[in-house]
Structure formats: C-alpha cells, structure tokens
Amino acid sequence: MNKVVKFGGSSLASAEQFKKAARIINKDEARRYVIPSAPGKRTPGDTKVTDMLYRCYNLATMDDEYEEEFEEQLSAIRARYDEIIAGLGLSIDLSDEFKTIRTKFSQKAGRDYAASRGEYLNGILMAEYLGFAFVDAAEVICFDEEGNFDDERTNDVLSKRLSDTPKAVIPGFYGSMPGGKVKTFSRGGSDITGSIVAKAVHADMYENWTDVSGFLVADPSVVKNPKAIDVITYRELRELSYMGATVLHEDAIFPVRKEGIPINIRNTNSPEDKGTLIVEGTCRKPRFVITGIAGKKDFASITVEKAMMNAEVGFCKKVLEVFEENEISIEHMPSGIDTMTIFVHQDEFEEKEQKVIAGIHRSVEPDFLELESDLALIAVVGRGMKATRGTSGRIFSALAHANVNVKMIDQGSSELNIIIGVRNHDFKDAINAIYDIFVNTMI
Ligand SMILES: Nc1ncnc2c1ncn2[C@@H]1O[C@H](COP(=O)(O)OP(=O)(O)O)[C@@H](O)[C@H]1O
Ligand SMILES: N[C@@H](CC(=O)OP(=O)(O)O)C(=O)O
C-alpha cells in the first residue's frame with residue numbers, strides 16, 4: 001500500500017497544525033510521500049505566507065525608500081517559520097536559507113521563485129520533523145522552455161528519484177524550467193503536485209488534507225453547515241472546481257485520473273471523518289439528486305440578435321473571432337434560434353468593451369446587441385440529474401420562491417450540469433434556495 005498525502009496551508013499554518021499532520025502521517029505506514037503547502041492562515045484575518053512572499057518580492061523590486069518595509073516583511077516571514085520550529089522543538093536554523101532568499105530577491109530572481117520559498121521552507125521543516133528525505137521540487141517537477149508543465153519528463157525524473165526514496169517530503173506548488181528557473185503552478189497548485197507525485201509512484205490513494213470534512217455540497221461561506229459529499233466522480237468534481245469550489249485545484253484531477261487513482265479529501269482537524277472519495281466512476285447512488293452547487297460572480301454578457309442567424313454559415317465563428325482577436329476568454333455561451341449570448345469575465349471585458357462591440361457590428365451586422373453586467377453563474381452538478389425528471393423545474397420554482405430573477409438557464413448536453421445566470425446580488429439567495437430544495441427538503 002502506498003499513499004500520497006498533501007497538506008494544505010490551513011493544515012500547516014502553525015506548530016499545532018504541524019503536529020496534527022504528523023500524527024496523521026505516522027498513523028499509517030502507507031503514507032510515504034508528503035506534499036506540504038506553505039503556512040496558511042492561522043485565523044480568518046491572518047495572511048498566507050505565499051501572499052507575504054509576493055508582497056515582499058514586490059517591495060524588493062521597488063526603490064530604496066521601500067527597503068525598511070521590505071526588511072519588515074522578510075522578518076515577518078522568517079518569524080512564521082521560527083514560530084513553527086520553536087513549537088515543534090526542532091534544532092534547525094534557517095539563517096542560511098534566508099540569506100540566499102535575500103540575495104536572490106536582490107538579483108530579481110522572479111515572482112515565482114519568491115512564492116515557491118513558502119513551500120520549500122515548509123518542506124524542509126516537515127522532512128526534519130518526520131525524519132523523511134527532503135526532495136526539492138525544483139529537481140523533479142519539470143516545466144518546458146515556455147513554462148508549460150512537462151508531464152512526460154516529470155514522470156520519468158520523479159518516478160526514478162522516488163523509486164529509491166521510500167519516504168519523502170516533496171514541496172508543492174513549484175518546479176523548474178530547463179535552465180533551472182523556478183516556476184510555480186497557479187494559486188492553489190500544491191494540489192497539482194500531489195496528483196503528479198501520486199501518478200509517478202502509482203499510489204493506491206491520493207489523500208488531500210484540508211480544513212473541511214470533504215467536498216461539501218456548497219461553499220460553507222455561502223450555505224450554513226452544508227452536508228459533505230460521500231462519493232463524487234472526477235467529471236462532477238471538475239465541473240464544481242471549475243465553477244469556483246476551491247477545495248481542490250481544477251487541474252489536480254488530470255494526472256490521477258489517467259491512472260485511476262482515487263482522491264480522498266480529508267479534514268486535518270477531524271481525521272476520523274471519512275471525507276469525500278473522488279473516483280472515476282461509481283454505481284453508488286448519490287445521496288441527493290444533485291451532487292453539488294458552485295458559482296462565480298462578476299460576469300458580463302453580450303447578447304447578439306439577428307433574424308435567420310442560424311441560416312448564416314459561420315455566424316458564430318465570426319462573433320467568436322472578435323473575442324479571440326481581443327484576447328478575451330469565453331466562459332459560457334448559451335444560444336437560441338436568432339440569438340447567441342456570450343458570458344465573459346467582467347474585469348477582462350470592461351476595458352475592451354467598445355472594441356468588441358464595434359468588431360461584432362463590423363463582422364456580422366446584428367439586428368440588436370445587448371450588454372449586461374454584474375452577473376453570476378451558478379453550476380448545479382450531479383450524475384443523479386440524468387435519471388431524475390423535473391430537475392430544472394424544481395430549480396426554477398425554488399428560485400421563484402426566493403424571488404430570484406433567472407437571467408439564463410442552460411443544461412449541458414451530458415445532463416451532468418445545469419448552469420444558471422443570476423444577478424450578482426442574488427447569488428447567495430439563489431444557491432441557498434437550490435440547496436434547500438434538493439438537500440434540506442430530502443432529510
Ligand atoms: N464545495 C466546497 N466544499 C468544501 N470546501 C469548499 C467548497 N467551496 C469552497 N470551499 C472552501 O475551500 C476551503 C479549502 O480549500 P483551501 O483553502 O484551498 O484549503 P487548503 O489550505 O487546505 O489548501 C474550505 O475551507 C472552504 O472554505
Ligand atoms: N501556497 C500556494 C499553493 C497552495 O496550494 O496553497 P494551499 O494548499 O494553501 O491552497 C498558494 O497559496 O496558492
């Protein structure tokens with residue numbers, strides 16, 4: 001048996017949390033490969049070390065007048081680690097490491113290098129505390145010249161290196177490019193490292209330890225005490241993570257999915273809870289018709305209307321090309337007989353708005369063009385929806401009861417998800433209404 005365990009920033013924010021993580025690791029001999037994140041928030045108002053590092057690096061690249069602030073920030077980061085070292089009774093001294101960091105910062109080693117030090121230093125502490133080998137992710141997680149993750153090379157290097165390292169700590173979030181330049185994944189990317197390591201060592205399980213007892217039906221900051229999901233498929237999870245359920249990075253699924261390795265989301269603060277099992281497929285019936293709800297705010301929509309639009313060859317392509325030319329990514333695109341609507345991120349769209357409108361006019365001469373802003377998209381996801389009639393009807397009626405005006409509803413062709421567009425200010429009410437109708441009324 002061979003398990004890869006990733007501990008998130010909340011699980012390693014202090015010495016107390018480190019002890020809990022170590023207890024979990026030591027309880028099961030199979031937990032051989034450990035992926036730590038950087039120390040996260042100790043309290044809701046606290047700052048993650050990764051954010052402190054970004055800030056510190058920004059200060060390092062500014063004028064001399066910011067030197068004092070830079071020094072303060074670097075000392076505050078050091079203090080976070082020294083607090084953990086003291087709390088764990090370790091005899092490690094990070095002076096040399098911080099000397100190197102200071103030199104690299106002054107040589108402008110890059111934002112990615114700066115951010116990666118959070119995981120790197122936490123990895124050193126974790127390896128020392130557990131008595132495991134430390135494997136620097138810069139040596140085993142490979143990116144190509146363009147900065148894209150190099151799957152094949154990584155798998156080769158990593159599996160070779162770990163085949164003669166029975167127990168190791170590999171820091172999450174970063175790797176390096178061919179010349180040795182450090183490169184990070186996007187935020188929350190330690191989840192991806194965990195998945196890559198699990199694939200390389202052919203793990204039986206990838207455990208992802210966080211501060212909630214699994215993947216919950218809805219975001220706990222939106223719905224009070226949401227129920228945990230027992231089993232969820234990779235496809236369902238991908239839909240939910242993409243739509244903002246942040247518990248697992250949306251790209252963390254791909255490496256383990258190829259190998260059929262299940263992911264288990266667990267709670268470091270409540271290790272006896274079974275958490276959520278993420279699997280390729282299951283014949284286990286879901287507890288509720290829906291598996292989960294997630295959503296994101298701050299979208300704008302552009303509705304293009306033209307009579308006989310469907311008969312015009314290449315109409316949609318021409319409209320989409322305008323967005324491509326302006327480098328705006330499209331989030332969602334429901335269409336009708338004579339209309340198509342394009343949802344985009346408002347902040348990306350705002351500054352290019354007039355160029356896009358002019359471009360659409362020029363390329364397809366629409367009868368009518370309508371813009372709306374401050375919209376939210378909500379995804380209701382569930383493998384159980386396919387077999388259940390009237391799911392959309394129930395969503396509509398729940399939202400009507402909650403006085404939420406539905407701007408758009410669109411069912412994915414896989415019948416795995418229904419996307420609903422509402423106003424930003426109705427976001428919370430809408431999610432709670434959907435949660436109530438499918439979860440609370442079923443209990
Ligand atoms: N559907 C959901 N289920 C569980 N947690 C969610 C969900 N949506 C949002 N979250 C948030 O995700 C957090 C865990 O993710 P994250 O902060 O990245 O943890 P970590 O620091 O362990 O990596 C939870 O504390 C919770 O607030
Ligand atoms: N520390 C990085 C990477 C990461 O995955 O962190 P966490 O596991 O705390 O989400 C970040 O804050 O983005």
# chains A, B, ... in the order shown; residues from 1 in each chain; ligands from 1
call {"tool": "residues_near_ligand", "arguments": {"ligand": "ligand 1", "cutoff": "10 Å", "atoms": "only C-alpha atoms and all ligand atoms", "output": "compact mmCIF listing (two decimals) with N, CA and C atoms, in the first residue's frame"}}
result
# COMPACT_ATOMS: atom_id res chain seq x y z
N LYS A 6 -1.24 15.17 0.71
CA LYS A 6 -0.97 16.60 0.56
C LYS A 6 -1.65 17.34 1.71
N PHE A 7 -0.90 18.21 2.35
CA PHE A 7 -1.48 19.03 3.42
C PHE A 7 -1.55 20.47 2.96
N GLY A 8 -2.72 21.05 3.00
CA GLY A 8 -2.93 22.43 2.57
C GLY A 8 -2.38 23.43 3.58
N GLY A 9 -2.33 24.69 3.18
CA GLY A 9 -1.78 25.74 4.05
C GLY A 9 -2.47 25.84 5.38
N SER A 10 -3.78 25.62 5.40
CA SER A 10 -4.52 25.71 6.67
C SER A 10 -4.10 24.58 7.61
N SER A 11 -3.66 23.45 7.04
CA SER A 11 -3.25 22.30 7.86
C SER A 11 -1.82 22.43 8.38
N LEU A 12 -1.07 23.44 7.88
CA LEU A 12 0.33 23.60 8.30
C LEU A 12 0.61 25.05 8.70
N ALA A 13 -0.40 25.73 9.21
CA ALA A 13 -0.27 27.16 9.48
C ALA A 13 0.51 27.45 10.77
N PRO A 36 3.72 19.22 1.23
CA PRO A 36 3.23 20.33 2.04
C PRO A 36 3.02 21.59 1.22
N SER A 37 2.00 22.39 1.62
CA SER A 37 1.84 23.75 1.11
C SER A 37 2.61 24.68 2.04
N ALA A 38 2.62 25.97 1.70
CA ALA A 38 3.22 26.97 2.60
C ALA A 38 2.26 27.22 3.76
N PRO A 39 2.77 27.74 4.90
CA PRO A 39 1.85 28.01 6.01
C PRO A 39 0.72 28.95 5.57
N GLY A 40 -0.51 28.56 5.89
CA GLY A 40 -1.68 29.37 5.52
C GLY A 40 -2.12 30.26 6.66
N LYS A 41 -3.40 30.59 6.66
CA LYS A 41 -3.93 31.49 7.69
C LYS A 41 -4.14 30.74 9.01
N LYS A 48 -1.62 34.50 4.40
CA LYS A 48 -0.90 33.28 3.98
C LYS A 48 0.56 33.66 3.70
N ARG A 187 -2.28 29.64 -8.43
CA ARG A 187 -2.57 29.60 -6.99
C ARG A 187 -3.32 28.31 -6.63
N GLY A 188 -3.00 27.79 -5.48
CA GLY A 188 -3.62 26.53 -5.04
C GLY A 188 -2.97 25.31 -5.67
N GLY A 189 -1.82 25.52 -6.35
CA GLY A 189 -1.22 24.47 -7.17
C GLY A 189 -0.53 23.33 -6.44
N SER A 190 -0.43 23.37 -5.12
CA SER A 190 0.15 22.21 -4.42
C SER A 190 -0.73 20.97 -4.63
N ASP A 191 -2.01 21.20 -4.84
CA ASP A 191 -2.92 20.09 -5.14
C ASP A 191 -2.46 19.36 -6.40
N ASN A 208 -5.91 14.27 0.22
CA ASN A 208 -5.75 15.72 0.21
C ASN A 208 -6.36 16.25 1.51
N TRP A 209 -5.46 16.65 2.44
CA TRP A 209 -5.91 17.04 3.78
C TRP A 209 -6.10 18.55 3.86
N THR A 210 -7.29 18.96 4.30
CA THR A 210 -7.61 20.38 4.34
C THR A 210 -8.32 20.73 5.65
N ASP A 211 -9.13 21.79 5.64
CA ASP A 211 -9.78 22.20 6.90
C ASP A 211 -11.28 21.99 6.89
N VAL A 212 -11.77 21.20 5.94
CA VAL A 212 -13.20 20.84 5.93
C VAL A 212 -13.31 19.33 5.74
N SER A 213 -14.43 18.76 6.19
CA SER A 213 -14.55 17.30 6.18
C SER A 213 -14.99 16.77 4.82
N GLY A 214 -14.30 17.20 3.80
CA GLY A 214 -14.58 16.70 2.46
C GLY A 214 -15.11 17.78 1.56
N PHE A 215 -15.47 17.36 0.38
CA PHE A 215 -16.08 18.27 -0.57
C PHE A 215 -17.52 18.45 -0.12
N LEU A 216 -17.92 19.66 0.09
CA LEU A 216 -19.26 19.91 0.61
C LEU A 216 -20.22 20.24 -0.54
N VAL A 217 -21.51 20.01 -0.30
CA VAL A 217 -22.49 20.22 -1.37
C VAL A 217 -22.42 21.68 -1.87
N ALA A 218 -22.12 22.61 -0.97
CA ALA A 218 -21.97 24.01 -1.39
C ALA A 218 -20.87 24.66 -0.56
N ASP A 219 -20.41 25.80 -1.01
CA ASP A 219 -19.36 26.55 -0.31
C ASP A 219 -19.86 26.92 1.09
N PRO A 220 -19.11 26.55 2.15
CA PRO A 220 -19.59 26.85 3.51
C PRO A 220 -19.67 28.34 3.82
N SER A 221 -19.04 29.18 3.00
CA SER A 221 -19.18 30.61 3.26
C SER A 221 -20.47 31.16 2.63
N VAL A 222 -21.16 30.32 1.87
CA VAL A 222 -22.42 30.74 1.23
C VAL A 222 -23.62 30.05 1.89
N VAL A 223 -23.48 28.74 2.16
CA VAL A 223 -24.56 27.97 2.80
C VAL A 223 -24.07 27.55 4.19
N PRO A 226 -23.09 23.12 5.21
CA PRO A 226 -23.53 22.23 4.13
C PRO A 226 -23.12 20.79 4.40
N LYS A 227 -23.87 19.87 3.86
CA LYS A 227 -23.54 18.44 4.02
C LYS A 227 -22.30 18.10 3.20
N ALA A 228 -21.56 17.09 3.65
CA ALA A 228 -20.39 16.64 2.87
C ALA A 228 -20.86 15.63 1.82
N ILE A 229 -20.14 15.58 0.72
CA ILE A 229 -20.43 14.61 -0.35
C ILE A 229 -19.62 13.35 -0.06
N LEU A 237 -16.60 16.60 -10.14
CA LEU A 237 -15.70 17.46 -9.39
C LEU A 237 -15.07 18.53 -10.27
N LEU A 240 -17.42 21.32 -10.70
CA LEU A 240 -17.56 22.14 -9.49
C LEU A 240 -16.30 22.97 -9.23
N SER A 241 -15.11 22.35 -9.41
CA SER A 241 -13.89 23.13 -9.13
C SER A 241 -13.76 24.26 -10.15
N MET A 243 -16.06 25.86 -11.49
CA MET A 243 -17.01 26.92 -11.18
C MET A 243 -16.78 27.51 -9.79
N GLY A 244 -15.62 27.30 -9.21
CA GLY A 244 -15.27 28.07 -8.03
C GLY A 244 -15.20 27.32 -6.71
N ALA A 245 -15.51 26.02 -6.70
CA ALA A 245 -15.36 25.27 -5.44
C ALA A 245 -13.86 25.04 -5.24
N THR A 246 -13.26 25.86 -4.39
CA THR A 246 -11.80 25.97 -4.36
C THR A 246 -11.08 24.87 -3.60
N VAL A 247 -11.81 23.95 -3.05
CA VAL A 247 -11.17 22.98 -2.16
C VAL A 247 -10.07 22.18 -2.88
N LEU A 248 -10.23 21.93 -4.17
CA LEU A 248 -9.20 21.23 -4.94
C LEU A 248 -8.96 22.00 -6.24
N HIS A 249 -7.68 22.21 -6.59
CA HIS A 249 -7.36 22.93 -7.83
C HIS A 249 -7.95 22.19 -9.02
N ILE A 265 -10.56 13.54 0.01
CA ILE A 265 -10.44 14.85 0.68
C ILE A 265 -10.74 14.62 2.17
N ARG A 266 -9.78 15.00 3.03
CA ARG A 266 -9.94 14.73 4.47
C ARG A 266 -9.70 15.99 5.29
N ASN A 267 -10.16 15.96 6.52
CA ASN A 267 -10.04 17.11 7.41
C ASN A 267 -8.95 16.88 8.46
N THR A 268 -7.88 17.67 8.41
CA THR A 268 -6.77 17.56 9.36
C THR A 268 -7.26 17.78 10.80
N THR A 276 -14.45 12.93 1.55
CA THR A 276 -15.05 12.67 0.24
C THR A 276 -14.11 11.84 -0.62
N THR A 291 -25.32 16.61 -6.79
CA THR A 291 -24.12 16.31 -6.00
C THR A 291 -23.57 17.58 -5.37
N GLY A 292 -23.56 18.66 -6.12
CA GLY A 292 -23.01 19.90 -5.56
C GLY A 292 -23.43 21.13 -6.33
N ILE A 293 -23.21 22.28 -5.69
CA ILE A 293 -23.52 23.57 -6.32
C ILE A 293 -22.28 24.45 -6.15
N ALA A 294 -21.89 25.15 -7.21
CA ALA A 294 -20.79 26.12 -7.08
C ALA A 294 -21.08 27.28 -8.00
N GLY A 295 -20.41 28.37 -7.78
CA GLY A 295 -20.68 29.51 -8.66
C GLY A 295 -19.62 30.58 -8.56
call {"tool": "select_by_dssp", "arguments": {"residues": "region 288-348 of chain A", "states": "helix (DSSP H, G or I)", "output": "compact mmCIF listing (two decimals) with N, CA and C atoms, in the first residue's frame"}}
result
# COMPACT_ATOMS: atom_id res chain seq x y z
N MET A 309 -30.26 34.06 -38.08
CA MET A 309 -28.85 33.88 -37.73
C MET A 309 -28.37 32.44 -37.99
N ASN A 310 -29.25 31.49 -37.67
CA ASN A 310 -28.86 30.08 -37.81
C ASN A 310 -28.59 29.67 -39.26
N ALA A 311 -29.23 30.40 -40.17
CA ALA A 311 -29.07 30.05 -41.59
C ALA A 311 -27.77 30.62 -42.17
N PHE A 315 -21.71 32.16 -38.75
CA PHE A 315 -22.11 33.32 -37.93
C PHE A 315 -21.41 33.29 -36.55
N CYS A 316 -21.56 32.16 -35.87
CA CYS A 316 -20.99 32.04 -34.51
C CYS A 316 -19.47 32.21 -34.56
N LYS A 317 -18.86 31.60 -35.57
CA LYS A 317 -17.40 31.65 -35.69
C LYS A 317 -16.93 33.11 -35.79
N LYS A 318 -17.67 33.88 -36.60
CA LYS A 318 -17.26 35.28 -36.80
C LYS A 318 -17.36 36.07 -35.49
N VAL A 319 -18.44 35.80 -34.75
CA VAL A 319 -18.61 36.50 -33.46
C VAL A 319 -17.47 36.11 -32.50
N LEU A 320 -17.22 34.81 -32.46
CA LEU A 320 -16.18 34.34 -31.52
C LEU A 320 -14.79 34.86 -31.88
N GLU A 321 -14.57 35.04 -33.16
CA GLU A 321 -13.26 35.56 -33.60
C GLU A 321 -13.00 36.96 -33.04
N VAL A 322 -14.08 37.74 -32.90
CA VAL A 322 -13.92 39.10 -32.35
C VAL A 322 -13.36 39.00 -30.91
N PHE A 323 -13.87 38.02 -30.16
CA PHE A 323 -13.37 37.86 -28.79
C PHE A 323 -11.93 37.37 -28.80
N GLU A 324 -11.64 36.47 -29.72
CA GLU A 324 -10.29 35.93 -29.82
C GLU A 324 -9.29 37.05 -30.16
N GLU A 325 -9.69 37.88 -31.16
CA GLU A 325 -8.79 38.98 -31.56
C GLU A 325 -8.49 39.91 -30.38
N GLN A 346 -16.07 40.01 -16.36
CA GLN A 346 -16.30 41.46 -16.48
C GLN A 346 -15.00 42.27 -16.48
N ASP A 347 -14.06 41.90 -15.58
CA ASP A 347 -12.83 42.71 -15.49
C ASP A 347 -12.00 42.62 -16.77
N GLU A 348 -12.05 41.44 -17.43
CA GLU A 348 -11.30 41.26 -18.68
C GLU A 348 -11.95 42.04 -19.82
call {"tool": "residues_around", "arguments": {"residues": "Leu90 (chain A)", "least_positions_apart": "3", "cutoff": "12 Å", "atoms": "only C-alpha atoms", "output": "list in words"}}
result
Ala15, Tyr81, Asp82, Glu83, Ile84, Ile85, Ala86, Gly87, Asp93, Leu94, Ile124, Leu125, Met126, Ala127, Glu128, Tyr129, Leu130 and Gly131 of chain A
call {"tool": "closest_residue", "arguments": {"among": "A:Met333, A:Ala133, A:Leu371, A:Val406", "to": "Val422 (chain A)", "atoms": "only C-alpha atoms"}}
result
A:Val406
call {"tool": "closest_residue", "arguments": {"among": "A:Ile192, A:Ala376, A:Val356, A:Leu162", "to": "Glu250 (chain A)", "atoms": "only C-alpha atoms"}}
result
A:Ile192
call {"tool": "select_by_dssp", "arguments": {"residues": "region 157-344 of chain A", "states": "strand (DSSP E or B)", "output": "ChimeraX atom specification"}}
result
/A:168-169,174-176,182-184,205-210,216,228,231-233,263-267,276-279,292-305,330-332,335,339-344
call {"tool": "write_last_selection", "arguments": {"atoms": "C-alpha atoms", "output": "compact mmCIF listing (two decimals), in the first residue's frame"}}
result
# COMPACT_ATOMS: atom_id res chain seq x y z
CA ALA A 168 9.96 11.66 1.21
CA VAL A 169 8.65 15.19 1.54
CA TYR A 174 6.59 24.68 -7.89
CA GLY A 175 9.14 23.08 -10.16
CA SER A 176 11.74 24.39 -12.58
CA VAL A 182 11.81 28.24 -10.70
CA LYS A 183 8.24 28.17 -11.98
CA THR A 184 5.03 27.78 -9.98
CA MET A 205 -4.67 6.69 -2.91
CA TYR A 206 -4.07 10.45 -3.05
CA GLU A 207 -5.19 11.97 0.25
CA ASN A 208 -5.75 15.72 0.21
CA TRP A 209 -5.91 17.04 3.78
CA THR A 210 -7.61 20.38 4.34
CA LEU A 216 -19.26 19.91 0.61
CA ALA A 228 -20.39 16.64 2.87
CA VAL A 231 -18.51 9.97 -3.28
CA ILE A 232 -18.10 12.22 -6.30
CA THR A 233 -16.85 11.41 -9.81
CA ILE A 263 -8.56 11.11 -4.27
CA ASN A 264 -9.76 11.35 -0.70
CA ILE A 265 -10.44 14.85 0.68
CA ARG A 266 -9.94 14.73 4.47
CA ASN A 267 -10.04 17.11 7.41
CA THR A 276 -15.05 12.67 0.24
CA LEU A 277 -13.88 9.99 -2.16
CA ILE A 278 -13.30 11.18 -5.72
CA VAL A 279 -13.44 8.33 -8.24
CA GLY A 292 -23.01 19.90 -5.56
CA ILE A 293 -23.52 23.57 -6.32
CA ALA A 294 -20.79 26.12 -7.08
CA GLY A 295 -20.68 29.51 -8.66
CA LYS A 296 -18.71 32.59 -9.57
CA LYS A 297 -19.62 36.25 -9.65
CA ASP A 298 -18.69 39.20 -11.84
CA PHE A 299 -19.53 38.22 -15.38
CA ALA A 300 -20.78 40.36 -18.23
CA SER A 301 -22.99 39.05 -21.01
CA ILE A 302 -23.19 40.14 -24.64
CA THR A 303 -26.34 39.07 -26.49
CA VAL A 304 -26.20 39.20 -30.26
CA GLU A 305 -29.54 39.03 -32.10
CA ILE A 330 -15.34 32.99 -23.12
CA GLU A 331 -16.85 31.40 -20.07
CA HIS A 332 -20.21 30.25 -21.32
CA SER A 335 -27.83 30.22 -27.77
CA THR A 339 -29.71 34.92 -30.55
CA MET A 340 -26.45 33.93 -29.01
CA THR A 341 -25.20 35.12 -25.64
CA ILE A 342 -21.58 35.19 -24.61
CA PHE A 343 -20.57 35.29 -20.96
CA VAL A 344 -17.14 36.78 -20.21
call {"tool": "closest_residue", "arguments": {"among": "A:Pro171, A:Ile92, A:Asp156, A:Arg80", "to": "Ile35 (chain A)", "atoms": "only C-alpha atoms"}}
result
A:Pro171
call {"tool": "closest_residue", "arguments": {"among": "A:Glu97, A:Asp251, A:Thr154, A:Asn58", "to": "ligand 2", "atoms": "only C-alpha atoms and all ligand atoms"}}
result
A:Asp251
call {"tool": "atom_distance", "arguments": {"atom1": "CA of Lys108 (chain A)", "atom2": "atom 8 (O, counted along the ligand's line) of ligand 2"}}
result
25.3 Å
call {"tool": "closest_residue", "arguments": {"among": "A:Phe143, A:Phe438, A:Tyr234, A:Phe134", "to": "Gly179 (chain A)", "atoms": "only C-alpha atoms"}}
result
A:Phe143
call {"tool": "atom_distance", "arguments": {"atom1": "CA of Phe368 (chain A)", "atom2": "CA of Gln354 (chain A)"}}
result
15.1 Å
call {"tool": "residues_around", "arguments": {"residues": "Thr50 (chain A)", "least_positions_apart": "5", "cutoff": "9 Å", "atoms": "only C-alpha atoms", "output": "list in words"}}
result
Ala38, Pro39, Gly40, Arg55, Ala114, Ala115, Ser116, Arg117, Gly118 and Glu119 of chain A
call {"tool": "write_last_selection", "arguments": {"atoms": "N, CA and C atoms", "output": "mmCIF file, in the first residue's frame"}}
result
data_model
loop_
_atom_site.group_PDB
_atom_site.id
_atom_site.type_symbol
_atom_site.label_atom_id
_atom_site.label_comp_id
_atom_site.auth_asym_id
_atom_site.auth_seq_id
_atom_site.Cartn_x
_atom_site.Cartn_y
_atom_site.Cartn_z
ATOM 1 N N ALA A 38 2.618 25.973 1.698
ATOM 2 C CA ALA A 38 3.215 26.968 2.598
ATOM 3 C C ALA A 38 2.257 27.222 3.760
ATOM 4 N N PRO A 39 2.771 27.737 4.896
ATOM 5 C CA PRO A 39 1.847 28.007 6.014
ATOM 6 C C PRO A 39 0.718 28.948 5.575
ATOM 7 N N GLY A 40 -0.512 28.555 5.893
ATOM 8 C CA GLY A 40 -1.677 29.367 5.516
ATOM 9 C C GLY A 40 -2.116 30.263 6.658
ATOM 10 N N ARG A 55 4.318 39.908 -1.685
ATOM 11 C CA ARG A 55 4.410 41.312 -1.249
ATOM 12 C C ARG A 55 5.880 41.696 -1.025
ATOM 13 N N ALA A 114 10.098 33.649 -5.690
ATOM 14 C CA ALA A 114 9.719 34.201 -4.381
ATOM 15 C C ALA A 114 8.601 33.385 -3.751
ATOM 16 N N ALA A 115 7.530 33.168 -4.506
ATOM 17 C CA ALA A 115 6.368 32.462 -3.948
ATOM 18 C C ALA A 115 6.710 31.026 -3.553
ATOM 19 N N SER A 116 7.598 30.406 -4.360
ATOM 20 C CA SER A 116 7.920 28.991 -4.117
ATOM 21 C C SER A 116 8.620 28.752 -2.787
ATOM 22 N N ARG A 117 9.256 29.797 -2.239
ATOM 23 C CA ARG A 117 10.007 29.607 -0.988
ATOM 24 C C ARG A 117 9.101 29.228 0.178
ATOM 25 N N GLY A 118 7.822 29.550 0.080
ATOM 26 C CA GLY A 118 6.872 29.188 1.133
ATOM 27 C C GLY A 118 6.783 27.686 1.297
ATOM 28 N N GLU A 119 6.628 26.993 0.188
ATOM 29 C CA GLU A 119 6.518 25.533 0.198
ATOM 30 C C GLU A 119 7.897 24.910 0.491
#
